[in-house]
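What follows is the content of entry.tsv (TSV, C-alpha atoms and all ligand atoms).
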chain	number	residue	atom	x	y	z
A	177	MET	CA	0.00	0.00	0.00
A	178	SER	CA	1.62	3.31	-1.08
A	179	ASP	CA	-0.22	5.88	1.07
A	180	GLY	CA	-0.44	4.05	4.38
A	181	ILE	CA	0.54	1.04	6.43
A	182	ARG	CA	-2.24	-1.06	7.95
A	183	MET	CA	-1.44	-2.10	11.51
A	184	THR	CA	-3.31	-3.93	14.22
A	185	LEU	CA	-3.71	-2.08	17.52
A	186	ALA	CA	-1.35	-4.62	19.11
A	187	GLU	CA	1.27	-3.69	16.50
A	188	VAL	CA	0.77	0.03	17.16
A	189	ARG	CA	1.17	-0.61	20.90
A	190	ALA	CA	4.34	-2.67	20.41
A	191	LEU	CA	5.82	-0.07	18.05
A	192	ALA	CA	5.10	2.79	20.44
A	193	ARG	CA	6.59	0.92	23.41
A	194	ARG	CA	9.70	-0.07	21.46
A	195	LYS	CA	10.42	3.45	20.25
A	196	LEU	CA	9.74	5.00	23.66
A	197	ARG	CA	12.00	2.47	25.40
A	198	ALA	CA	14.68	3.09	22.76
A	199	ALA	CA	14.48	6.81	23.52
A	200	GLY	CA	15.22	6.03	27.17
A	201	LEU	CA	11.74	6.05	28.73
A	202	ALA	CA	11.27	3.71	31.72
A	203	GLY	CA	9.04	0.68	31.14
A	204	ASP	CA	6.10	1.75	33.32
A	205	HIS	CA	5.98	5.17	31.63
A	206	ALA	CA	6.40	3.65	28.15
A	207	ASP	CA	3.43	1.34	28.78
A	208	ALA	CA	1.20	4.20	30.03
A	209	VAL	CA	2.22	6.60	27.25
A	210	ALA	CA	1.84	3.94	24.53
A	211	GLU	CA	-1.73	3.27	25.70
A	212	THR	CA	-2.81	6.87	25.05
A	213	MET	CA	-1.22	6.80	21.59
A	214	VAL	CA	-3.04	3.56	20.79
A	215	ALA	CA	-6.28	5.09	22.07
A	216	GLY	CA	-5.85	8.18	19.85
A	217	GLU	CA	-5.04	6.14	16.75
A	218	ARG	CA	-7.84	3.65	17.49
A	219	ASP	CA	-10.44	6.41	17.90
A	220	GLY	CA	-9.47	8.33	14.75
A	221	CYS	CA	-7.80	11.22	16.59
A	222	ALA	CA	-4.78	11.56	14.30
A	223	SER	CA	-3.40	14.65	16.05
A	224	HIS	CA	-3.08	12.66	19.32
A	225	GLY	CA	-2.43	9.16	18.02
A	226	ILE	CA	0.83	7.54	16.95
A	227	TYR	CA	1.96	10.93	15.57
A	228	ARG	CA	2.61	11.81	19.24
A	229	LEU	CA	5.51	9.35	19.22
A	230	LEU	CA	7.55	11.93	17.29
A	231	VAL	CA	6.54	14.58	19.84
A	232	ALA	CA	7.28	12.42	22.91
A	233	VAL	CA	10.66	11.29	21.61
A	234	LYS	CA	11.54	14.92	20.84
A	235	SER	CA	10.73	15.83	24.47
A	236	LEU	CA	12.85	12.94	25.73
A	237	LYS	CA	15.81	13.85	23.51
A	238	ALA	CA	15.54	17.53	24.48
A	239	GLY	CA	15.72	16.65	28.18
A	240	VAL	CA	12.31	18.21	28.87
A	241	VAL	CA	10.92	15.08	30.53
A	242	VAL	CA	12.37	12.95	33.33
A	243	PRO	CA	12.34	9.46	31.76
A	244	ASP	CA	12.24	7.44	34.99
A	245	ALA	CA	10.20	9.79	37.20
A	246	VAL	CA	8.41	8.19	40.14
A	247	PRO	CA	4.97	9.80	40.73
A	248	VAL	CA	4.22	10.52	44.40
A	249	VAL	CA	0.59	10.55	45.60
A	250	ASP	CA	-0.57	12.60	48.59
A	251	ARG	CA	-3.91	13.77	50.06
A	252	PRO	CA	-3.77	17.44	51.13
A	253	ARG	CA	-7.47	17.10	52.21
A	254	SER	CA	-9.64	14.02	52.25
A	255	ALA	CA	-11.40	14.93	48.98
A	256	LEU	CA	-8.23	16.21	47.32
A	257	VAL	CA	-5.65	13.98	45.68
A	258	ARG	CA	-2.37	15.32	44.39
A	259	VAL	CA	0.23	13.51	42.34
A	260	ASP	CA	3.68	15.04	41.93
A	261	GLY	CA	4.75	13.55	38.63
A	262	GLY	CA	8.44	14.24	39.27
A	263	GLY	CA	8.87	15.80	35.82
A	264	GLY	CA	7.65	12.70	33.98
A	265	PHE	CA	4.89	12.28	31.42
A	266	ALA	CA	1.38	12.84	32.80
A	267	GLN	CA	-0.04	9.42	31.93
A	268	LEU	CA	1.61	7.44	34.73
A	269	ALA	CA	0.84	10.19	37.26
A	270	PHE	CA	-2.84	10.01	36.24
A	271	ALA	CA	-2.88	6.23	36.54
A	272	ARG	CA	-1.34	6.43	40.01
A	273	GLY	CA	-3.87	9.05	41.19
A	274	LEU	CA	-7.02	7.58	39.62
A	275	PRO	CA	-7.91	4.98	42.29
A	276	ALA	CA	-7.72	7.58	45.09
A	277	LEU	CA	-9.76	10.08	43.04
A	278	VAL	CA	-12.53	7.53	42.44
A	279	GLU	CA	-12.55	6.44	46.07
A	280	ALA	CA	-12.66	10.05	47.30
A	281	ALA	CA	-15.50	10.95	44.90
A	282	HIS	CA	-17.57	7.98	46.07
A	283	THR	CA	-16.88	8.87	49.69
A	284	HIS	CA	-17.43	12.63	49.53
A	285	GLY	CA	-19.65	13.03	46.48
A	286	ILE	CA	-17.03	15.21	44.80
A	287	ALA	CA	-13.25	15.03	44.63
A	288	ALA	CA	-10.38	16.60	42.74
A	289	LEU	CA	-7.11	15.25	41.44
A	290	ALA	CA	-4.25	17.66	40.74
A	291	LEU	CA	-1.34	16.42	38.66
A	292	THR	CA	1.69	18.60	39.21
A	293	ASN	CA	5.18	18.64	37.73
A	294	VAL	CA	4.19	16.65	34.63
A	295	VAL	CA	4.85	16.89	30.89
A	296	HIS	CA	1.61	16.76	28.90
A	297	PHE	CA	1.15	15.98	25.22
A	298	ALA	CA	-2.00	13.86	25.29
A	299	ALA	CA	-5.74	14.06	24.68
A	300	LEU	CA	-7.91	14.20	27.81
A	301	TRP	CA	-10.87	12.02	26.82
A	302	PRO	CA	-9.18	8.74	27.87
A	303	GLU	CA	-9.07	10.18	31.38
A	304	VAL	CA	-12.68	11.41	31.63
A	305	GLU	CA	-13.81	8.19	29.98
A	306	ALA	CA	-11.94	6.12	32.59
A	307	ILE	CA	-13.64	8.08	35.38
A	308	ALA	CA	-17.12	8.02	33.80
A	309	THR	CA	-16.96	4.26	33.35
A	310	GLN	CA	-16.77	4.10	37.16
A	311	GLY	CA	-20.15	5.86	37.42
A	312	LEU	CA	-18.84	9.39	37.96
A	313	ALA	CA	-19.16	12.64	36.04
A	314	ALA	CA	-15.73	14.04	35.20
A	315	LEU	CA	-14.09	17.27	34.08
A	316	ALA	CA	-10.45	17.72	33.10
A	317	PHE	CA	-8.37	20.79	32.24
A	318	THR	CA	-4.73	21.39	31.34
A	319	PRO	CA	-2.83	24.42	30.02
A	320	SER	CA	-0.11	23.91	27.40
A	321	HIS	CA	2.43	26.36	25.92
A	322	ALA	CA	1.52	30.00	25.19
A	323	TRP	CA	0.56	29.66	21.53
A	324	VAL	CA	-2.90	31.24	21.45
A	325	ALA	CA	-3.85	34.93	21.31
A	326	PRO	CA	-6.71	36.23	23.46
A	327	ALA	CA	-9.77	37.41	21.51
A	328	GLY	CA	-9.02	40.95	20.39
A	329	GLY	CA	-5.25	40.42	20.42
A	330	THR	CA	-2.69	38.75	18.16
A	331	LYS	CA	0.07	37.79	20.61
A	332	PRO	CA	0.18	34.37	22.30
A	333	VAL	CA	-0.88	34.23	25.96
A	334	PHE	CA	-2.89	31.03	26.37
A	335	GLY	CA	-2.19	27.43	25.65
A	336	THR	CA	-4.48	25.36	23.47
A	337	ASN	CA	-6.00	24.46	26.87
A	338	PRO	CA	-8.39	21.55	26.39
A	339	ILE	CA	-11.55	20.96	28.42
A	340	ALA	CA	-12.94	17.44	28.66
A	341	PHE	CA	-16.18	16.17	30.17
A	342	GLY	CA	-17.44	12.68	30.80
A	343	TRP	CA	-20.89	11.47	31.90
A	344	PRO	CA	-21.71	7.86	32.85
A	345	ARG	CA	-24.42	6.09	30.85
A	346	PRO	CA	-26.12	2.89	31.91
A	347	GLY	CA	-24.99	0.02	29.71
A	348	GLY	CA	-23.12	2.10	27.14
A	349	HIS	CA	-20.08	4.21	26.41
A	350	PRO	CA	-19.96	7.44	28.44
A	351	PHE	CA	-21.13	10.72	26.94
A	352	ALA	CA	-17.84	12.58	26.52
A	353	PHE	CA	-16.37	15.56	24.78
A	354	ASP	CA	-12.87	16.90	24.70
A	355	PHE	CA	-11.74	19.94	22.79
A	356	ALA	CA	-9.04	22.55	22.69
A	357	THR	CA	-10.18	26.10	23.53
A	358	SER	CA	-8.13	27.20	20.51
A	359	ALA	CA	-9.89	27.11	17.12
A	360	VAL	CA	-8.25	23.70	16.64
A	361	ALA	CA	-5.62	21.61	18.42
A	362	ARG	CA	-2.07	22.62	17.55
A	363	GLY	CA	-1.41	19.02	16.54
A	364	GLU	CA	-3.94	19.49	13.73
A	365	ILE	CA	-2.01	22.49	12.38
A	366	GLU	CA	1.22	20.48	12.64
A	367	LEU	CA	-0.39	17.72	10.55
A	368	HIS	CA	-1.41	20.33	7.92
A	369	ARG	CA	2.16	21.61	7.82
A	370	ARG	CA	3.52	18.07	7.43
A	371	ALA	CA	1.05	17.44	4.57
A	372	GLY	CA	1.83	20.81	2.92
A	373	LYS	CA	-1.85	21.78	3.21
A	374	PRO	CA	-3.20	25.31	3.87
A	375	VAL	CA	-5.28	25.96	6.99
A	376	PRO	CA	-8.51	28.02	7.13
A	377	ASP	CA	-7.73	31.71	7.56
A	378	ASP	CA	-9.52	31.89	10.92
A	379	TRP	CA	-7.20	29.44	12.71
A	380	GLY	CA	-4.44	31.94	13.41
A	381	TYR	CA	-2.17	34.87	12.66
A	382	ASP	CA	1.36	35.12	11.31
A	383	ALA	CA	4.12	36.68	13.41
A	384	ALA	CA	3.09	40.13	12.13
A	385	GLY	CA	-0.44	39.61	13.47
A	386	GLN	CA	-2.07	39.09	10.04
A	387	PRO	CA	-4.54	36.26	9.31
A	388	THR	CA	-2.88	33.56	7.21
A	389	THR	CA	-3.59	30.18	5.63
A	390	ASP	CA	0.06	29.11	5.95
A	391	ALA	CA	0.23	26.42	8.66
A	392	ALA	CA	3.92	27.09	9.39
A	393	ALA	CA	3.24	30.82	9.71
A	394	VAL	CA	0.46	30.15	12.27
A	395	LEU	CA	2.80	27.89	14.23
A	396	ASP	CA	5.35	30.73	14.29
A	397	GLY	CA	2.70	33.37	15.01
A	398	ALA	CA	-0.40	32.92	17.13
A	399	MET	CA	-3.39	30.59	17.08
A	400	ARG	CA	-6.93	31.89	17.67
A	401	THR	CA	-9.40	30.81	20.32
A	402	PHE	CA	-12.63	29.09	19.25
A	403	GLY	CA	-15.81	31.15	19.56
A	404	GLY	CA	-14.07	34.50	19.98
A	405	HIS	CA	-14.38	35.96	23.47
A	406	LYS	CA	-16.10	32.81	24.80
A	407	GLY	CA	-13.22	30.51	23.97
A	408	SER	CA	-10.84	33.18	25.22
A	409	ALA	CA	-12.55	33.28	28.63
A	410	LEU	CA	-12.58	29.47	28.84
A	411	ALA	CA	-8.87	29.39	27.95
A	412	ALA	CA	-8.20	31.83	30.80
A	413	MET	CA	-10.25	29.63	33.15
A	414	VAL	CA	-8.13	26.60	32.24
A	415	GLU	CA	-4.94	28.61	32.91
A	416	LEU	CA	-6.26	29.54	36.36
A	417	LEU	CA	-7.71	26.17	37.42
A	418	ALA	CA	-4.80	24.03	36.28
A	419	GLY	CA	-2.12	26.67	36.90
A	420	PRO	CA	-2.14	29.00	39.91
A	421	LEU	CA	-4.95	27.10	41.71
A	422	ILE	CA	-2.77	24.00	42.01
A	423	GLY	CA	0.56	25.84	42.27
A	424	GLU	CA	1.49	25.10	38.70
A	425	MET	CA	2.79	26.87	35.61
A	426	THR	CA	0.69	28.87	33.20
A	427	SER	CA	1.20	28.28	29.48
A	428	ALA	CA	3.44	31.38	29.40
A	429	ASP	CA	5.56	29.91	32.24
A	430	SER	CA	5.74	26.58	30.41
A	431	ILE	CA	6.99	27.95	27.11
A	432	ALA	CA	9.55	30.08	28.97
A	433	ALA	CA	10.74	27.00	30.90
A	434	ASP	CA	11.04	25.09	27.63
A	435	GLY	CA	13.58	27.64	26.42
A	436	ALA	CA	13.13	26.86	22.71
A	437	ARG	CA	13.89	23.15	23.19
A	438	GLY	CA	10.65	22.32	21.37
A	439	GLY	CA	9.36	19.97	24.08
A	440	SER	CA	5.80	19.29	25.16
A	441	PRO	CA	4.13	21.54	27.75
A	442	MET	CA	5.19	21.26	31.38
A	443	GLY	CA	2.98	21.98	34.37
A	444	GLY	CA	-0.23	20.58	35.77
A	445	GLU	CA	-3.69	19.21	35.16
A	446	LEU	CA	-6.86	19.43	37.26
A	447	ILE	CA	-9.43	16.64	37.16
A	448	LEU	CA	-12.79	16.72	38.99
A	449	ALA	CA	-14.98	13.71	39.70
A	450	ILE	CA	-18.60	13.93	40.90
A	451	ASP	CA	-20.73	11.03	42.13
A	452	PRO	CA	-24.38	11.44	41.02
A	453	ALA	CA	-25.43	9.53	44.16
A	454	GLY	CA	-24.04	12.36	46.27
A	455	PHE	CA	-27.01	14.62	45.51
A	456	LEU	CA	-29.50	12.03	44.39
A	457	GLY	CA	-29.19	9.09	46.77
A	458	ASP	CA	-31.79	6.47	45.83
A	459	ALA	CA	-33.13	8.65	43.02
A	460	VAL	CA	-30.00	8.18	40.84
A	461	ALA	CA	-31.64	5.84	38.31
A	462	GLU	CA	-34.63	8.16	37.85
A	463	HIS	CA	-32.46	11.18	37.10
A	464	MET	CA	-29.95	9.30	34.95
A	465	ALA	CA	-32.98	8.30	32.85
A	466	ARG	CA	-33.75	12.00	32.37
A	467	ALA	CA	-30.21	12.45	31.06
A	468	GLU	CA	-30.81	9.57	28.64
A	469	ALA	CA	-33.98	11.31	27.45
A	470	MET	CA	-31.94	14.40	26.64
A	471	PHE	CA	-29.43	12.33	24.64
A	472	SER	CA	-32.34	10.77	22.72
A	473	SER	CA	-33.79	14.18	21.93
A	474	ILE	CA	-30.43	15.11	20.36
A	475	GLU	CA	-30.06	11.94	18.35
A	476	ASP	CA	-33.72	11.64	17.37
A	477	GLN	CA	-33.44	14.75	15.22
A	478	GLY	CA	-30.35	13.45	13.38
A	479	ALA	CA	-27.76	15.33	15.40
A	480	ARG	CA	-24.97	13.29	16.88
A	481	LEU	CA	-23.47	13.13	20.32
A	482	PRO	CA	-19.85	14.14	20.80
A	483	SER	CA	-17.72	10.99	20.86
A	484	ALA	CA	-20.19	9.08	18.65
A	485	ARG	CA	-17.71	9.35	15.77
A	486	ARG	CA	-14.93	8.22	18.08
A	487	TYR	CA	-16.77	5.16	19.36
A	488	ALA	CA	-17.65	4.20	15.79
A	489	ALA	CA	-14.00	4.57	14.73
A	490	ARG	CA	-13.03	2.44	17.73
A	491	ALA	CA	-15.24	-0.44	16.65
A	492	VAL	CA	-13.73	-0.38	13.13
A	493	SER	CA	-10.13	-0.13	14.41
A	494	GLU	CA	-10.60	-2.98	16.84
A	495	ALA	CA	-11.84	-5.19	14.01
A	496	ASP	CA	-9.68	-4.03	11.09
A	497	GLY	CA	-6.71	-2.17	12.60
A	498	VAL	CA	-5.68	1.33	11.57
A	499	ILE	CA	-3.85	2.89	8.63
A	500	VAL	CA	-0.77	4.93	9.51
A	501	PRO	CA	0.22	7.42	6.78
A	502	ARG	CA	3.39	6.31	4.98
A	503	ALA	CA	5.36	9.51	5.69
A	504	LEU	CA	4.52	9.31	9.39
A	505	TYR	CA	5.41	5.61	9.50
A	506	ASP	CA	8.77	6.33	7.86
A	507	ASP	CA	9.51	9.13	10.35
A	508	ILE	CA	8.66	6.80	13.22
A	509	MET	CA	10.89	4.05	11.85
A	510	ASN	CA	13.72	6.59	11.59
A	511	LEU	CA	13.49	7.32	15.33
A	512	GLY	CA	15.91	4.48	15.98
A	513	ASP	CA	15.73	1.34	18.06
A	514	ALA	CA	17.44	0.20	21.25
B	1	LIG	P1	-12.18	18.32	17.84
B	1	LIG	O1	-12.62	19.62	17.31
B	1	LIG	O2	-11.63	17.32	16.89
B	1	LIG	O3	-13.34	17.61	18.67
B	1	LIG	C1	-13.93	18.23	19.75
B	1	LIG	C2	-15.04	17.43	20.37
B	1	LIG	O4	-16.23	17.76	19.65
B	1	LIG	C3	-14.92	15.92	20.32
B	1	LIG	O5	-15.43	15.39	21.53
B	1	LIG	C4	-15.78	15.56	19.12
B	1	LIG	O6	-16.35	14.26	19.18
B	1	LIG	C5	-16.87	16.58	19.21
B	1	LIG	N1	-17.47	16.84	17.92
B	1	LIG	C6	-16.86	17.16	16.75
B	1	LIG	N2	-17.76	17.34	15.76
B	1	LIG	C7	-18.98	17.12	16.31
B	1	LIG	C8	-20.32	17.16	15.82
B	1	LIG	N3	-20.55	17.43	14.53
B	1	LIG	N4	-21.32	16.89	16.66
B	1	LIG	C9	-21.08	16.61	17.96
B	1	LIG	N5	-19.83	16.55	18.49
B	1	LIG	C10	-18.80	16.82	17.68
B	1	LIG	O7	-11.07	18.58	19.00
B	1	LIG	P2	-9.83	19.55	19.06
B	1	LIG	O8	-9.14	19.63	17.75
B	1	LIG	O9	-10.21	20.80	19.71
B	1	LIG	O10	-8.91	18.70	20.08
B	1	LIG	C11	-8.41	17.42	19.70
B	1	LIG	C12	-7.69	16.78	20.86
B	1	LIG	O11	-6.52	17.51	21.18
B	1	LIG	C13	-8.49	16.70	22.15
B	1	LIG	O12	-8.61	15.33	22.49
B	1	LIG	C14	-7.66	17.45	23.17
B	1	LIG	O13	-7.60	16.87	24.48
B	1	LIG	C15	-6.29	17.39	22.56
B	1	LIG	N6	-5.49	18.52	23.04
B	1	LIG	C16	-4.60	18.30	24.05
B	1	LIG	C17	-3.89	19.36	24.56
B	1	LIG	C18	-2.95	19.20	25.71
B	1	LIG	O14	-2.38	20.19	26.14
B	1	LIG	N7	-2.75	18.05	26.26
B	1	LIG	C19	-4.01	20.69	24.01
B	1	LIG	C20	-5.01	20.80	22.97
B	1	LIG	C21	-5.70	19.74	22.51
B	1	LIG	P3	-15.76	13.11	18.18
B	1	LIG	O15	-14.39	12.81	18.72
B	1	LIG	O16	-16.71	11.97	18.30
B	1	LIG	O17	-15.73	13.68	16.79
B	2	LIG	O1	-2.53	19.72	19.99
B	2	LIG	O2	-2.61	21.67	20.97
B	2	LIG	C1	-2.26	20.48	20.93
B	2	LIG	C2	-1.50	19.94	22.07
B	2	LIG	C3	-0.76	20.60	22.98
B	2	LIG	C4	-0.25	19.68	23.86
B	2	LIG	C5	-0.71	18.48	23.46
B	2	LIG	N1	-1.47	18.66	22.36
How would this structure read if it were set down as structure tokens?
Amino acid sequence: MSDGIRMTLAEVRALARRKLRAAGLAGDHADAVAETMVAGERDGCASHGIYRLLVAVKSLKAGVVVPDAVPVVDRPRSALVRVDGGGGFAQLAFARGLPALVEAAHTHGIAALALTNVVHFAALWPEVEAIATQGLAALAFTPSHAWVAPAGGTKPVFGTNPIAFGWPRPGGHPFAFDFATSAVARGEIELHRRAGKPVPDDWGYDAAGQPTTDAAAVLDGAMRTFGGHKGSALAAMVELLAGPLIGEMTSADSIAADGARGGSPMGGELILAIDPAGFLGDAVAEHMARAEAMFSSIEDQGARLPSARRYAARAVSEADGVIVPRALYDDIMNLGDA
């Protein structure tokens, strides 16, 4: 096949692990990081699938990430869980904090998990999905690097600052969404640049502050928020909740700390988990049914739920595997082996 390589998910997982281990990442981190890349590729999220191998290896080679960091979990209050990731990738820190977050949410009705001192390059929906499958509503936020101009400006202040939400559904996949507060994830613009494709002229500005369709010029200039002032305010909220509130870096701090090494964002993530039984007690089933009625009223008119595309892609990938673009596959193979 000339334009892509078909791979099973097991092959994608093995490839990701091998390349991460070859780049010096400890085994437990390599396993956790590989899982999010497999999840992205499996669910048709190209910007956060196996493409992220190039990004993660770049961070490892640049010395931005501590390859053998040991996450340390503590409980500053009984409903608050904190994991100091020790400068490692966020995935293992999340995995180490998840059981305590779920337990605290079931105990108190609501709980928060702060990841600090982590390097973050991943999508957030695997995290809210993992929490929602345990019967909890979930919200997650993380800043990134200052790449995005506030509405009304043209100079980067915010990160691409995703917000993710998960809602448990009886007998089915959770309702979930996960999106950057920028017009599009930066990874999507990077994929346009790699493919030599123009971007829409409302995705960003060049370094002179002019709208442009040149992907490379947007990457060197400033991205735009989605929804004008609304996305801009949400981006600021993410900076505050997953930055100063948990003693962590803003996106401006992160890009300054990177010092032009080109690594992934450093800093924190805030994750909230809410147990519906906390407010509802025995009436949970009745009110969850009302949520289901709302989902039906969306779908019954032909609109789709967020994540419906992703779950459909998942079913196909699990049966047939995925197709990795040839140029990306070649770049991954050129990363070197142990
Ligand atoms: P998209 O615009 O691709 O998707 C946003 C969400 O909207 C998804 O949940 C998607 O569901 C849903 N959606 C899309 N179209 C429709 C529709 N027609 N009807 C209903 N729902 C719809 O996301 P972004 O480009 O903004 O972000 C991509 C990823 O990048 C995210 O996973 C995010 O976490 C990640 N990211 C990570 C960052 C980090 O710092 N770690 C920074 C920025 C982004 P579906 O998937 O089913 O299409
Ligand atoms: O695509 O904007 C992005 C992104 C930033 C960090 C991880 N992904």
Would you write out, as CSV, a table of all residues in region 314-346 of chain A that have an atom no more than 12 Å from an atom of region 269-289 of chain A, listing for each the closest atom pair and the distance in Å to one decimal, considering only C-alpha atoms and ordering rows by chain and rising residue number?
residue,atom,partner,partner_atom,distance
A:Ala314,CA,A:Ala288,CA,9.6
A:Leu315,CA,A:Ala288,CA,9.4
A:Ala316,CA,A:Leu289,CA,9.3
A:Phe317,CA,A:Leu289,CA,10.8
Counting all atoms listed in the file, what are the residues of chain A within 6 Å of ligand LIG 2 (chain B), and for each of them which pair of atoms is the nearest and at what distance in Å, to one decimal? Sort the table by chain and rising number, as a tab-separated table.
residue	atom	partner	partner_atom	distance
A:Phe297	CA	B:LIG2	C5	3.6
A:Ala298	CA	B:LIG2	C5	5.1
A:Ser320	CA	B:LIG2	C4	5.5
A:Thr336	CA	B:LIG2	O2	4.8
A:Ala361	CA	B:LIG2	O2	3.9
A:Arg362	CA	B:LIG2	O2	3.6
A:Gly363	CA	B:LIG2	O1	3.7
Can I get the selected residues back with C-alpha atoms, as an mmCIF file, in the coordinates of the input?
data_model
loop_
_atom_site.group_PDB
_atom_site.id
_atom_site.type_symbol
_atom_site.label_atom_id
_atom_site.label_comp_id
_atom_site.auth_asym_id
_atom_site.auth_seq_id
_atom_site.Cartn_x
_atom_site.Cartn_y
_atom_site.Cartn_z
ATOM 1 C CA PHE A 297 1.150 15.980 25.220
ATOM 2 C CA ALA A 298 -2.000 13.860 25.290
ATOM 3 C CA SER A 320 -0.110 23.910 27.400
ATOM 4 C CA THR A 336 -4.480 25.360 23.470
ATOM 5 C CA ALA A 361 -5.620 21.610 18.420
ATOM 6 C CA ARG A 362 -2.070 22.620 17.550
ATOM 7 C CA GLY A 363 -1.410 19.020 16.540
#
Please return as a PDB file with C-alpha atoms, keeping the file's coordinate frame the residues found within 7 Å of ligand LIG 1 (chain B), counting only C-alpha atoms and all ligand atoms.
ATOM      1  CA  CYS A 221      -7.800  11.220  16.590  1.00  0.00           C
ATOM      2  CA  SER A 223      -3.400  14.650  16.050  1.00  0.00           C
ATOM      3  CA  HIS A 224      -3.080  12.660  19.320  1.00  0.00           C
ATOM      4  CA  HIS A 296       1.610  16.760  28.900  1.00  0.00           C
ATOM      5  CA  PHE A 297       1.150  15.980  25.220  1.00  0.00           C
ATOM      6  CA  ALA A 298      -2.000  13.860  25.290  1.00  0.00           C
ATOM      7  CA  ALA A 299      -5.740  14.060  24.680  1.00  0.00           C
ATOM      8  CA  LEU A 300      -7.910  14.200  27.810  1.00  0.00           C
ATOM      9  CA  TRP A 301     -10.870  12.020  26.820  1.00  0.00           C
ATOM     10  CA  THR A 318      -4.730  21.390  31.340  1.00  0.00           C
ATOM     11  CA  PRO A 319      -2.830  24.420  30.020  1.00  0.00           C
ATOM     12  CA  SER A 320      -0.110  23.910  27.400  1.00  0.00           C
ATOM     13  CA  THR A 336      -4.480  25.360  23.470  1.00  0.00           C
ATOM     14  CA  ASN A 337      -6.000  24.460  26.870  1.00  0.00           C
ATOM     15  CA  PRO A 338      -8.390  21.550  26.390  1.00  0.00           C
ATOM     16  CA  ILE A 339     -11.550  20.960  28.420  1.00  0.00           C
ATOM     17  CA  ALA A 340     -12.940  17.440  28.660  1.00  0.00           C
ATOM     18  CA  ALA A 352     -17.840  12.580  26.520  1.00  0.00           C
ATOM     19  CA  PHE A 353     -16.370  15.560  24.780  1.00  0.00           C
ATOM     20  CA  ASP A 354     -12.870  16.900  24.700  1.00  0.00           C
ATOM     21  CA  PHE A 355     -11.740  19.940  22.790  1.00  0.00           C
ATOM     22  CA  ALA A 356      -9.040  22.550  22.690  1.00  0.00           C
ATOM     23  CA  THR A 357     -10.180  26.100  23.530  1.00  0.00           C
ATOM     24  CA  SER A 358      -8.130  27.200  20.510  1.00  0.00           C
ATOM     25  CA  ALA A 359      -9.890  27.110  17.120  1.00  0.00           C
ATOM     26  CA  VAL A 360      -8.250  23.700  16.640  1.00  0.00           C
ATOM     27  CA  ALA A 361      -5.620  21.610  18.420  1.00  0.00           C
ATOM     28  CA  ARG A 362      -2.070  22.620  17.550  1.00  0.00           C
ATOM     29  CA  GLU A 364      -3.940  19.490  13.730  1.00  0.00           C
ATOM     30  CA  PRO A 441       4.130  21.540  27.750  1.00  0.00           C
ATOM     31  CA  ALA A 479     -27.760  15.330  15.400  1.00  0.00           C
ATOM     32  CA  ARG A 480     -24.970  13.290  16.880  1.00  0.00           C
ATOM     33  CA  LEU A 481     -23.470  13.130  20.320  1.00  0.00           C
ATOM     34  CA  PRO A 482     -19.850  14.140  20.800  1.00  0.00           C
ATOM     35  CA  SER A 483     -17.720  10.990  20.860  1.00  0.00           C
ATOM     36  CA  ALA A 484     -20.190   9.080  18.650  1.00  0.00           C
ATOM     37  CA  ARG A 485     -17.710   9.350  15.770  1.00  0.00           C
ATOM     38  CA  ARG A 486     -14.930   8.220  18.080  1.00  0.00           C
ATOM     39  CA  TYR A 487     -16.770   5.160  19.360  1.00  0.00           C
TER      40      TYR A 487
END
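Considering only C-alpha atoms, the residue among A:Gly335, A:Gly423, A:Gly497, A:Pro452 positioned nearest to Val188 (chain A) is A:Gly497.
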>> Could you check which residues have any atom within 9 Å of (-1.7, 18.7, 35.1), counting only C-alpha atoms with coordinates taken straight from the file, and then list them as a PyMOL selection string?
In response: chain A and resi 261+266+270+290-296+317-319+418-419+422+424+442-447
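Comparing A:Leu201, A:Val375, A:Val492, A:Val248 by their smallest distance to Val394 (chain A), the closest is A:Val375 (using only C-alpha atoms).
With all atoms listed in the file as the atoms that count, the minimum distance from Ala313 (chain A) to the choices A:Asp244, A:Ala232, A:Glu366, A:Trp343 is reached by A:Trp343.
Take the candidates A:Gly397, A:Gly239, A:Gly220, A:Gly328 and check each one against Glu494 (chain A) using only C-alpha atoms; the shortest distance goes to A:Gly220.
When CA of Ala392 (chain A) is paired with CA of Val240 (chain A), their separation reads 23.0 Å.
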>> Show me the residues around (6.8, 26.6, 17.1) - criterion: an atom at most 12 Å away, all atoms listed in the file counted - as a PyMOL selection string.
In response: chain A and resi 321-324+332+362-363+365-366+369+382-383+391-399+431+434-440
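Counting from CA of Gln386 (chain A), the distance to CA of Val333 (chain A) is 16.7 Å.
Using only C-alpha atoms for every distance, the candidate list A:Arg193, A:Gly329, A:Gly264, A:Ala208 yields A:Gly329 as the residue closest to Ala384 (chain A).
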>> Report as a list in words all protein, DNA and RNA residues lying within 12 Å of Gly347 (chain A), evaluated on all atoms listed in the file, omitting residues in the same chain fewer than 3 positions from it.
In response: Ala308, Thr309, Gln310, Gly311, Pro344, Pro350, Phe351, Met464, Ala465 and Glu468 of chain A
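Atom to atom, CA of Gly404 (chain A) and CA of Pro326 (chain A) stand 8.3 Å apart.
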